[in-house]
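Pasting run12.pdb here (PDB, C-alpha atoms, pLDDT in the B column):
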```pdb
MODEL        1
ATOM      1  CA  GLN A1449     107.447 159.534 -82.255  1.00 94.00           C
ATOM      2  CA  VAL A1450     107.585 161.182 -85.659  1.00 96.00           C
ATOM      3  CA  GLN A1451     106.239 164.703 -85.502  1.00 97.00           C
ATOM      4  CA  LEU A1452     106.405 168.149 -86.991  1.00 98.00           C
ATOM      5  CA  ASP A1453     106.054 171.092 -84.618  1.00 98.00           C
ATOM      6  CA  GLN A1454     105.277 174.499 -86.052  1.00 98.00           C
ATOM      7  CA  SER A1455     105.777 177.970 -84.681  1.00 97.00           C
ATOM      8  CA  GLY A1456     102.935 180.006 -83.284  1.00 97.00           C
ATOM      9  CA  ALA A1457     100.278 182.221 -84.791  1.00 98.00           C
ATOM     10  CA  GLU A1458     101.243 185.454 -86.515  1.00 98.00           C
ATOM     11  CA  VAL A1459      99.443 188.734 -87.182  1.00 98.00           C
ATOM     12  CA  LYS A1460     100.937 190.874 -89.923  1.00 98.00           C
ATOM     13  CA  LYS A1461     100.181 194.060 -91.790  1.00 97.00           C
ATOM     14  CA  SER A1462      99.638 194.112 -95.537  1.00 97.00           C
ATOM     15  CA  GLY A1463     102.969 194.264 -97.350  1.00 97.00           C
ATOM     16  CA  ALA A1464     104.904 192.654 -94.526  1.00 98.00           C
ATOM     17  CA  SER A1465     106.687 189.297 -94.510  1.00 98.00           C
ATOM     18  CA  VAL A1466     106.194 186.260 -92.307  1.00 98.00           C
ATOM     19  CA  GLN A1467     108.459 183.372 -91.408  1.00 98.00           C
ATOM     20  CA  ILE A1468     107.064 180.081 -90.135  1.00 98.00           C
ATOM     21  CA  ALA A1469     109.203 177.338 -88.640  1.00 98.00           C
ATOM     22  CA  CYS A1470     108.612 173.588 -88.773  1.00 98.00           C
ATOM     23  CA  LYS A1471     110.779 171.449 -86.505  1.00 98.00           C
ATOM     24  CA  ALA A1472     111.040 167.750 -87.309  1.00 98.00           C
ATOM     25  CA  SER A1473     111.701 165.012 -84.776  1.00 97.00           C
ATOM     26  CA  GLY A1474     111.600 161.237 -84.523  1.00 97.00           C
ATOM     27  CA  TYR A1475     113.139 160.459 -87.915  1.00 97.00           C
ATOM     28  CA  ILE A1476     116.198 161.181 -90.077  1.00 97.00           C
ATOM     29  CA  PHE A1477     115.555 164.742 -91.154  1.00 97.00           C
ATOM     30  CA  LYS A1478     117.537 164.703 -94.373  1.00 96.00           C
ATOM     31  CA  ASN A1479     115.794 161.671 -95.816  1.00 96.00           C
ATOM     32  CA  PHE A1480     112.385 163.096 -96.734  1.00 96.00           C
ATOM     33  CA  PHE A1481     111.076 166.123 -98.578  1.00 96.00           C
ATOM     34  CA  LEU A1482     109.047 168.619 -96.584  1.00 97.00           C
ATOM     35  CA  HIS A1483     106.173 170.518 -98.136  1.00 98.00           C
ATOM     36  CA  TRP A1484     104.120 173.567 -97.240  1.00 98.00           C
ATOM     37  CA  VAL A1485     100.352 173.630 -97.752  1.00 98.00           C
ATOM     38  CA  ARG A1486      97.951 176.402 -96.825  1.00 98.00           C
ATOM     39  CA  GLN A1487      94.245 176.588 -96.158  1.00 98.00           C
ATOM     40  CA  ALA A1488      92.297 179.820 -96.135  1.00 98.00           C
ATOM     41  CA  PRO A1489      89.335 179.955 -93.721  1.00 97.00           C
ATOM     42  CA  GLY A1490      86.567 177.657 -94.952  1.00 96.00           C
ATOM     43  CA  GLN A1491      88.508 176.807 -98.112  1.00 97.00           C
ATOM     44  CA  GLY A1492      90.446 173.856 -99.520  1.00 97.00           C
ATOM     45  CA  LEU A1493      94.095 172.877 -99.457  1.00 98.00           C
ATOM     46  CA  GLU A1494      96.663 174.698-101.596  1.00 97.00           C
ATOM     47  CA  TRP A1495     100.138 173.266-102.163  1.00 96.00           C
ATOM     48  CA  MET A1496     102.882 175.890-101.921  1.00 96.00           C
ATOM     49  CA  GLY A1497     106.145 174.056-102.508  1.00 95.00           C
ATOM     50  CA  TRP A1498     108.755 171.660-101.189  1.00 96.00           C
ATOM     51  CA  ILE A1499     112.287 171.602 -99.863  1.00 97.00           C
ATOM     52  CA  ASN A1500     114.760 168.761 -99.963  1.00 96.00           C
ATOM     53  CA  PRO A1501     116.391 168.961 -96.506  1.00 97.00           C
ATOM     54  CA  GLU A1502     119.481 167.083 -97.669  1.00 96.00           C
ATOM     55  CA  THR A1503     120.401 169.401-100.529  1.00 96.00           C
ATOM     56  CA  GLY A1504     118.385 172.539 -99.831  1.00 96.00           C
ATOM     57  CA  ASP A1505     116.812 172.282-103.291  1.00 95.00           C
ATOM     58  CA  THR A1506     113.345 173.756-103.557  1.00 95.00           C
ATOM     59  CA  ASP A1507     110.386 173.878-105.913  1.00 94.00           C
ATOM     60  CA  TYR A1508     107.592 176.393-105.559  1.00 94.00           C
ATOM     61  CA  ALA A1509     104.078 176.552-106.927  1.00 93.00           C
ATOM     62  CA  GLN A1510     103.857 179.096-109.720  1.00 92.00           C
ATOM     63  CA  THR A1511     101.345 181.089-107.669  1.00 93.00           C
ATOM     64  CA  PHE A1512     103.991 181.926-105.072  1.00 95.00           C
ATOM     65  CA  LYS A1513     107.170 182.227-107.113  1.00 93.00           C
ATOM     66  CA  GLY A1514     108.926 185.483-106.432  1.00 94.00           C
ATOM     67  CA  ARG A1515     107.659 185.908-102.909  1.00 97.00           C
ATOM     68  CA  ILE A1516     108.247 182.542-101.206  1.00 98.00           C
ATOM     69  CA  THR A1517     111.489 181.127 -99.863  1.00 98.00           C
ATOM     70  CA  MET A1518     112.033 177.810 -98.109  1.00 98.00           C
ATOM     71  CA  THR A1519     115.214 177.106 -96.171  1.00 98.00           C
ATOM     72  CA  ARG A1520     116.438 174.551 -93.690  1.00 98.00           C
ATOM     73  CA  ASP A1521     118.732 174.349 -90.685  1.00 97.00           C
ATOM     74  CA  MET A1522     120.359 170.933 -90.455  1.00 97.00           C
ATOM     75  CA  SER A1523     121.649 171.618 -86.936  1.00 97.00           C
ATOM     76  CA  THR A1524     118.117 171.941 -85.533  1.00 97.00           C
ATOM     77  CA  ASN A1525     116.146 169.788 -88.016  1.00 98.00           C
ATOM     78  CA  THR A1526     114.013 172.790 -88.861  1.00 98.00           C
ATOM     79  CA  VAL A1527     112.618 174.096 -92.124  1.00 98.00           C
ATOM     80  CA  TYR A1528     111.444 177.648 -92.617  1.00 98.00           C
ATOM     81  CA  MET A1529     108.946 179.163 -94.984  1.00 98.00           C
ATOM     82  CA  ASP A1530     109.148 182.884 -95.701  1.00 98.00           C
ATOM     83  CA  LEU A1531     106.324 184.623 -97.520  1.00 98.00           C
ATOM     84  CA  SER A1532     106.687 188.268 -98.471  1.00 98.00           C
ATOM     85  CA  GLY A1533     104.350 190.935 -99.804  1.00 97.00           C
ATOM     86  CA  LEU A1534     101.492 189.719 -97.645  1.00 98.00           C
ATOM     87  CA  LYS A1535      97.941 190.501 -98.738  1.00 97.00           C
ATOM     88  CA  SER A1536      94.622 189.956 -97.045  1.00 96.00           C
ATOM     89  CA  ASP A1537      94.026 186.793 -99.058  1.00 96.00           C
ATOM     90  CA  ASP A1538      97.194 185.283 -97.572  1.00 98.00           C
ATOM     91  CA  THR A1539      95.225 184.945 -94.338  1.00 98.00           C
ATOM     92  CA  ALA A1540      95.269 181.189 -93.837  1.00 98.00           C
ATOM     93  CA  ARG A1541      96.507 178.305 -91.765  1.00 98.00           C
ATOM     94  CA  TYR A1542      99.872 177.111 -93.031  1.00 98.00           C
ATOM     95  CA  PHE A1543     100.904 173.485 -92.649  1.00 98.00           C
ATOM     96  CA  CYS A1544     104.191 171.700 -93.165  1.00 98.00           C
ATOM     97  CA  ALA A1545     103.995 168.054 -94.189  1.00 98.00           C
ATOM     98  CA  ARG A1546     106.463 165.236 -94.726  1.00 98.00           C
ATOM     99  CA  GLU A1547     106.357 163.327 -97.985  1.00 96.00           C
ATOM    100  CA  VAL A1548     106.517 159.586 -97.502  1.00 92.00           C
ATOM    101  CA  ARG A1549     103.927 157.755 -99.581  1.00 87.00           C
ATOM    102  CA  ALA A1550     102.005 160.998 -99.981  1.00 94.00           C
ATOM    103  CA  PHE A1551     101.950 163.463 -97.087  1.00 97.00           C
ATOM    104  CA  ASP A1552     102.053 161.100 -94.140  1.00 96.00           C
ATOM    105  CA  ILE A1553     102.874 163.461 -91.262  1.00 97.00           C
ATOM    106  CA  TRP A1554     101.579 167.011 -90.867  1.00 98.00           C
ATOM    107  CA  GLY A1555     102.387 169.807 -88.515  1.00 98.00           C
ATOM    108  CA  GLN A1556      99.613 171.271 -86.397  1.00 98.00           C
ATOM    109  CA  GLY A1557      99.361 174.349 -88.589  1.00 98.00           C
ATOM    110  CA  THR A1558     100.215 178.010 -88.059  1.00 98.00           C
ATOM    111  CA  MET A1559      97.527 180.650 -88.418  1.00 98.00           C
ATOM    112  CA  VAL A1560      98.663 183.775 -90.241  1.00 98.00           C
ATOM    113  CA  THR A1561      96.320 186.747 -90.199  1.00 98.00           C
ATOM    114  CA  VAL A1562      97.003 189.660 -92.521  1.00 98.00           C
ATOM    115  CA  SER A1563      95.318 192.944 -91.732  1.00 94.00           C
ATOM    116  CA  SER A1564      95.325 196.273 -93.486  1.00 84.00           C
TER     117      SER A1564
ATOM    118  CA  ASP B 554      99.290 171.781-114.828  1.00 82.00           C
ATOM    119  CA  ILE B 555      97.161 168.803-113.943  1.00 89.00           C
ATOM    120  CA  GLN B 556      93.786 169.668-112.425  1.00 94.00           C
ATOM    121  CA  MET B 557      91.954 167.454-109.943  1.00 96.00           C
ATOM    122  CA  THR B 558      88.160 167.590-109.817  1.00 97.00           C
ATOM    123  CA  GLN B 559      86.153 165.947-107.048  1.00 98.00           C
ATOM    124  CA  SER B 560      82.465 165.143-106.975  1.00 96.00           C
ATOM    125  CA  PRO B 561      80.188 165.699-105.277  1.00 97.00           C
ATOM    126  CA  SER B 562      81.140 168.821-103.333  1.00 97.00           C
ATOM    127  CA  THR B 563      78.785 167.822-100.536  1.00 97.00           C
ATOM    128  CA  LEU B 564      77.425 164.396 -99.706  1.00 97.00           C
ATOM    129  CA  SER B 565      74.701 163.705 -97.160  1.00 97.00           C
ATOM    130  CA  ALA B 566      74.487 160.201 -95.744  1.00 96.00           C
ATOM    131  CA  TYR B 567      73.426 158.143 -92.742  1.00 96.00           C
ATOM    132  CA  VAL B 568      75.459 156.075 -90.337  1.00 96.00           C
ATOM    133  CA  GLY B 569      75.802 152.617 -91.874  1.00 96.00           C
ATOM    134  CA  ASP B 570      75.562 153.805 -95.483  1.00 96.00           C
ATOM    135  CA  ARG B 571      78.089 152.985 -98.167  1.00 97.00           C
ATOM    136  CA  VAL B 572      79.339 156.110 -99.933  1.00 97.00           C
ATOM    137  CA  THR B 573      81.600 156.872-102.865  1.00 98.00           C
ATOM    138  CA  ILE B 574      83.540 160.021-103.680  1.00 98.00           C
ATOM    139  CA  SER B 575      84.989 160.566-107.145  1.00 98.00           C
ATOM    140  CA  CYS B 576      88.153 162.310-108.256  1.00 98.00           C
ATOM    141  CA  ARG B 577      89.055 163.000-111.855  1.00 98.00           C
ATOM    142  CA  ALA B 578      92.456 164.092-113.154  1.00 96.00           C
ATOM    143  CA  SER B 579      92.779 166.268-116.239  1.00 95.00           C
ATOM    144  CA  GLN B 580      95.315 163.777-117.611  1.00 93.00           C
ATOM    145  CA  SER B 581      96.680 160.395-116.635  1.00 92.00           C
ATOM    146  CA  ILE B 582      98.526 160.441-113.304  1.00 92.00           C
ATOM    147  CA  ASN B 583      99.822 156.860-113.135  1.00 87.00           C
ATOM    148  CA  ASN B 584      98.071 156.132-109.819  1.00 91.00           C
ATOM    149  CA  TRP B 585      99.974 158.819-107.856  1.00 93.00           C
ATOM    150  CA  LEU B 586      96.736 159.565-106.059  1.00 96.00           C
ATOM    151  CA  ALA B 587      96.174 159.982-102.342  1.00 97.00           C
ATOM    152  CA  TRP B 588      93.054 160.526-100.249  1.00 98.00           C
ATOM    153  CA  TYR B 589      92.988 162.598 -97.057  1.00 98.00           C
ATOM    154  CA  GLN B 590      90.433 163.128 -94.321  1.00 98.00           C
ATOM    155  CA  GLN B 591      90.240 166.448 -92.524  1.00 98.00           C
ATOM    156  CA  LYS B 592      88.198 167.289 -89.451  1.00 97.00           C
ATOM    157  CA  PRO B 593      87.492 170.843 -88.253  1.00 94.00           C
ATOM    158  CA  GLY B 594      90.518 172.549 -86.755  1.00 93.00           C
ATOM    159  CA  ARG B 595      92.813 169.622 -87.533  1.00 97.00           C
ATOM    160  CA  ALA B 596      95.482 168.848 -90.099  1.00 98.00           C
ATOM    161  CA  PRO B 597      94.559 166.433 -92.885  1.00 98.00           C
ATOM    162  CA  GLN B 598      95.383 162.759 -92.418  1.00 98.00           C
ATOM    163  CA  VAL B 599      96.255 160.436 -95.266  1.00 98.00           C
ATOM    164  CA  LEU B 600      93.958 157.454 -95.691  1.00 98.00           C
ATOM    165  CA  ILE B 601      95.075 155.951 -98.976  1.00 98.00           C
ATOM    166  CA  TYR B 602      98.101 156.381-101.224  1.00 97.00           C
ATOM    167  CA  LYS B 603      99.043 155.031-104.647  1.00 96.00           C
ATOM    168  CA  ALA B 604      95.312 155.084-105.444  1.00 97.00           C
ATOM    169  CA  SER B 605      94.413 151.924-103.509  1.00 98.00           C
ATOM    170  CA  THR B 606      96.925 151.262-100.709  1.00 98.00           C
ATOM    171  CA  LEU B 607      95.442 151.730 -97.270  1.00 98.00           C
ATOM    172  CA  LYS B 608      97.737 153.470 -94.821  1.00 97.00           C
ATOM    173  CA  SER B 609      98.562 151.335 -91.797  1.00 95.00           C
ATOM    174  CA  GLY B 610      96.059 151.898 -89.016  1.00 96.00           C
ATOM    175  CA  VAL B 611      93.275 153.194 -91.243  1.00 97.00           C
ATOM    176  CA  PRO B 612      90.041 151.192 -90.850  1.00 97.00           C
ATOM    177  CA  SER B 613      89.372 148.650 -93.587  1.00 97.00           C
ATOM    178  CA  ARG B 614      85.972 150.195 -94.349  1.00 97.00           C
ATOM    179  CA  PHE B 615      87.942 152.753 -96.381  1.00 98.00           C
ATOM    180  CA  SER B 616      89.057 151.702 -99.844  1.00 98.00           C
ATOM    181  CA  GLY B 617      90.387 153.352-102.968  1.00 98.00           C
ATOM    182  CA  SER B 618      90.230 152.326-106.583  1.00 97.00           C
ATOM    183  CA  GLY B 619      90.793 153.593-110.083  1.00 96.00           C
ATOM    184  CA  SER B 620      93.616 154.300-112.478  1.00 94.00           C
ATOM    185  CA  GLY B 621      94.624 156.734-115.160  1.00 93.00           C
ATOM    186  CA  THR B 622      92.269 159.664-114.693  1.00 96.00           C
ATOM    187  CA  GLU B 623      89.313 158.277-112.710  1.00 97.00           C
ATOM    188  CA  PHE B 624      89.530 157.420-109.014  1.00 98.00           C
ATOM    189  CA  THR B 625      87.120 156.700-106.186  1.00 98.00           C
ATOM    190  CA  LEU B 626      87.182 156.618-102.418  1.00 98.00           C
ATOM    191  CA  SER B 627      84.625 154.314-100.859  1.00 98.00           C
ATOM    192  CA  ILE B 628      83.523 153.976 -97.263  1.00 97.00           C
ATOM    193  CA  SER B 629      81.669 150.741 -96.767  1.00 93.00           C
ATOM    194  CA  SER B 630      79.694 151.402 -93.586  1.00 93.00           C
ATOM    195  CA  LEU B 631      79.747 154.974 -92.366  1.00 96.00           C
ATOM    196  CA  GLN B 632      80.603 155.545 -88.744  1.00 96.00           C
ATOM    197  CA  PRO B 633      79.927 158.785 -86.833  1.00 95.00           C
ATOM    198  CA  ASP B 634      83.667 159.526 -86.841  1.00 95.00           C
ATOM    199  CA  ASP B 635      83.753 159.516 -90.666  1.00 96.00           C
ATOM    200  CA  PHE B 636      81.825 162.747 -91.128  1.00 93.00           C
ATOM    201  CA  ALA B 637      84.545 165.101 -92.338  1.00 97.00           C
ATOM    202  CA  ILE B 638      85.976 166.666 -95.492  1.00 98.00           C
ATOM    203  CA  TYR B 639      87.834 164.435 -97.941  1.00 98.00           C
ATOM    204  CA  TYR B 640      90.458 165.553-100.439  1.00 98.00           C
ATOM    205  CA  CYS B 641      92.171 163.769-103.267  1.00 98.00           C
ATOM    206  CA  GLN B 642      95.689 164.746-104.266  1.00 97.00           C
ATOM    207  CA  TYR B 643      98.048 164.117-107.154  1.00 95.00           C
ATOM    208  CA  TYR B 644     101.320 163.799-105.292  1.00 91.00           C
ATOM    209  CA  LYS B 645     104.059 162.903-107.744  1.00 81.00           C
ATOM    210  CA  SER B 646     104.564 165.766-110.031  1.00 65.00           C
ATOM    211  CA  SER B 647     107.224 168.076-111.301  1.00 68.00           C
ATOM    212  CA  SER B 648     104.512 170.654-111.808  1.00 64.00           C
ATOM    213  CA  GLY B 649     102.813 170.595-108.438  1.00 75.00           C
ATOM    214  CA  TYR B 650     101.092 168.468-105.865  1.00 92.00           C
ATOM    215  CA  THR B 651      97.518 169.319-106.727  1.00 94.00           C
ATOM    216  CA  PHE B 652      94.584 168.848-104.384  1.00 97.00           C
ATOM    217  CA  GLY B 653      90.976 168.406-105.372  1.00 98.00           C
ATOM    218  CA  GLN B 654      88.574 170.991-104.025  1.00 98.00           C
ATOM    219  CA  GLY B 655      87.247 168.682-101.323  1.00 98.00           C
ATOM    220  CA  THR B 656      84.052 166.765-100.560  1.00 98.00           C
ATOM    221  CA  LYS B 657      82.174 167.474 -97.360  1.00 98.00           C
ATOM    222  CA  LEU B 658      80.542 164.340 -95.993  1.00 97.00           C
ATOM    223  CA  GLU B 659      77.723 165.324 -93.666  1.00 96.00           C
ATOM    224  CA  ILE B 660      75.103 163.557 -91.644  1.00 85.00           C
TER     225      ILE B 660
ENDMDL
END
```
What does this structure look like when you write it as structure tokens?
Amino acid sequence: QVQLDQSGAEVKKSGASVQIACKASGYIFKNFFLHWVRQAPGQGLEWMGWINPETGDTDYAQTFKGRITMTRDMSTNTVYMDLSGLKSDDTARYFCAREVRAFDIWGQGTMVTVSS
Amino acid sequence: DIQMTQSPSTLSAYVGDRVTISCRASQSINNWLAWYQQKPGRAPQVLIYKASTLKSGVPSRFSGSGSGTEFTLSISSLQPDDFAIYYCQYYKSSSGYTFGQGTKLEI
């Protein structure tokens, strides 16, 4: 079945970088944009950006420009999200999501905890 | 950037009630509006897209309406499984895929 599987939880120090993986299966990887969305504890959903797996083109929310990078590996149907310069308020669960008629499939989420 | 504002932030209701959640866009969004349900510890799930199209498999007690800047999500007869947080989202944008702040539906 169609699914997105994300890498495991991360604990990072302030100032460090984190990379989260999102592996797609059950559909043609290159055909649909993949997005990243985060959710701080007890808070709402925040869109971070998208990647076009076919071309590698990206678009990032203004909030994250300069410290976010999204890439993809066509050989493993995996997208990656790198976030640098981590701060305590980057502590959140990070989701990848496929865009087909809105965000129809979501990964399970990856918890990132940033400590000082 | 387009802003999405939901109301109310919290809604208390009983099983069997009909409830409505509102979502307002800061400018017209041409019906590129989706509704999601999120339960604790889980990823959101899309219920409705294009303002009023029910995703396959979603119970028919859920419905969406509206156009332009004003949208609503209605649940016709609340079931115990419906108590969750609901988000609207503008999802067709060159300037971002903006979520509303969420509405917590509680018993």
Could you list, as a PyMOL selection string, every residue within 10 Å of A:Phe1551, counting all atoms listed in the file and ignoring same-chain residues fewer than 6 positions away?
(chain A and resi 1481-1483+1544-1545) or (chain B and resi 587-589+597-599+602+642+644)
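The interatomic distance for the pair atom CA of A:Pro1489 and atom CA of A:Gln1556 works out to 15.3 Å.
A straight line drawn from atom CA of A:Gly1557 to atom CA of A:Ala1540 is 9.5 Å long.
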Could you name the residues that touch stretch 1518-1525 of chain A at 7 Å or less, counting all atoms listed in the file, but leaving out those on the same chain fewer than 4 positions away, as an NGL selection string?
:A and (1471-1472 or 1477 or 1499 or 1501 or 1504 or 1506 or 1529-1530)
Box time for stretch 604-617 of chain B: axis-aligned, enclosing all its listed atoms, 3 Å extra on each side; report centre and edge lengths in Å to one decimal, as JSON.
```
{"center_x": 92.3, "center_y": 151.9, "center_z": -97.2, "size_x": 18.6, "size_y": 12.4, "size_z": 22.4}
```
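Taking only C-alpha atoms into account, B:Phe624 lies nearest to B:Ser575 out of the set B:Thr558, B:Gln580, B:Thr656, B:Ser575.
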Please evaluate the ChimeraX specification (/B :<10) & /A against the structure above and give the resulting residues as a VMD selection string.
chain A and resid 1483 1485 1487 1490 to 1498 1507 to 1510 1541 to 1545 1547 to 1557
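One distance worth recording is that between atom CA of A:Arg1546 and atom CA of A:Thr1561, which is 24.2 Å.
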Just want the 8 Å neighbourhood of B:Thr563, counted on only C-alpha atoms, with same-chain residues fewer than 6 positions away dropped. Output as a compact mmCIF listing (two decimals) with C-alpha atoms, keeping the file's coordinate frame.
```txt
# COMPACT_ATOMS: atom_id res chain seq x y z
CA THR B 656 84.05 166.76 -100.56
CA LYS B 657 82.17 167.47 -97.36
CA LEU B 658 80.54 164.34 -95.99
CA GLU B 659 77.72 165.32 -93.67
```
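Run against this file, the PyMOL selection byres ((chain A and resi 1473) around 6) gives back Val1450, Gln1451, Ala1472, Gly1474 and Tyr1475 of chain A.
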Residue selection dump (C-alpha atoms) as an mmCIF file, in the frame of the given file:
```cif
data_model
loop_
_atom_site.group_PDB
_atom_site.id
_atom_site.type_symbol
_atom_site.label_atom_id
_atom_site.label_comp_id
_atom_site.auth_asym_id
_atom_site.auth_seq_id
_atom_site.Cartn_x
_atom_site.Cartn_y
_atom_site.Cartn_z
ATOM 1 C CA VAL A 1450 107.585 161.182 -85.659
ATOM 2 C CA GLN A 1451 106.239 164.703 -85.502
ATOM 3 C CA ALA A 1472 111.040 167.750 -87.309
ATOM 4 C CA GLY A 1474 111.600 161.237 -84.523
ATOM 5 C CA TYR A 1475 113.139 160.459 -87.915
#
```
Could you tell me which residues the PyMOL selection byres ((chain B and resi 616) around 7) grabs in this file, written as a ChimeraX atom specification?
/B:605,607,613-615,617-618,626-628
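Nearest-residue note for B:Gly569: choosing from B:Ile555, B:Ile660, B:Ala604, B:Ala637, the minimum distance belongs to B:Ile660, counting all atoms listed in the file.
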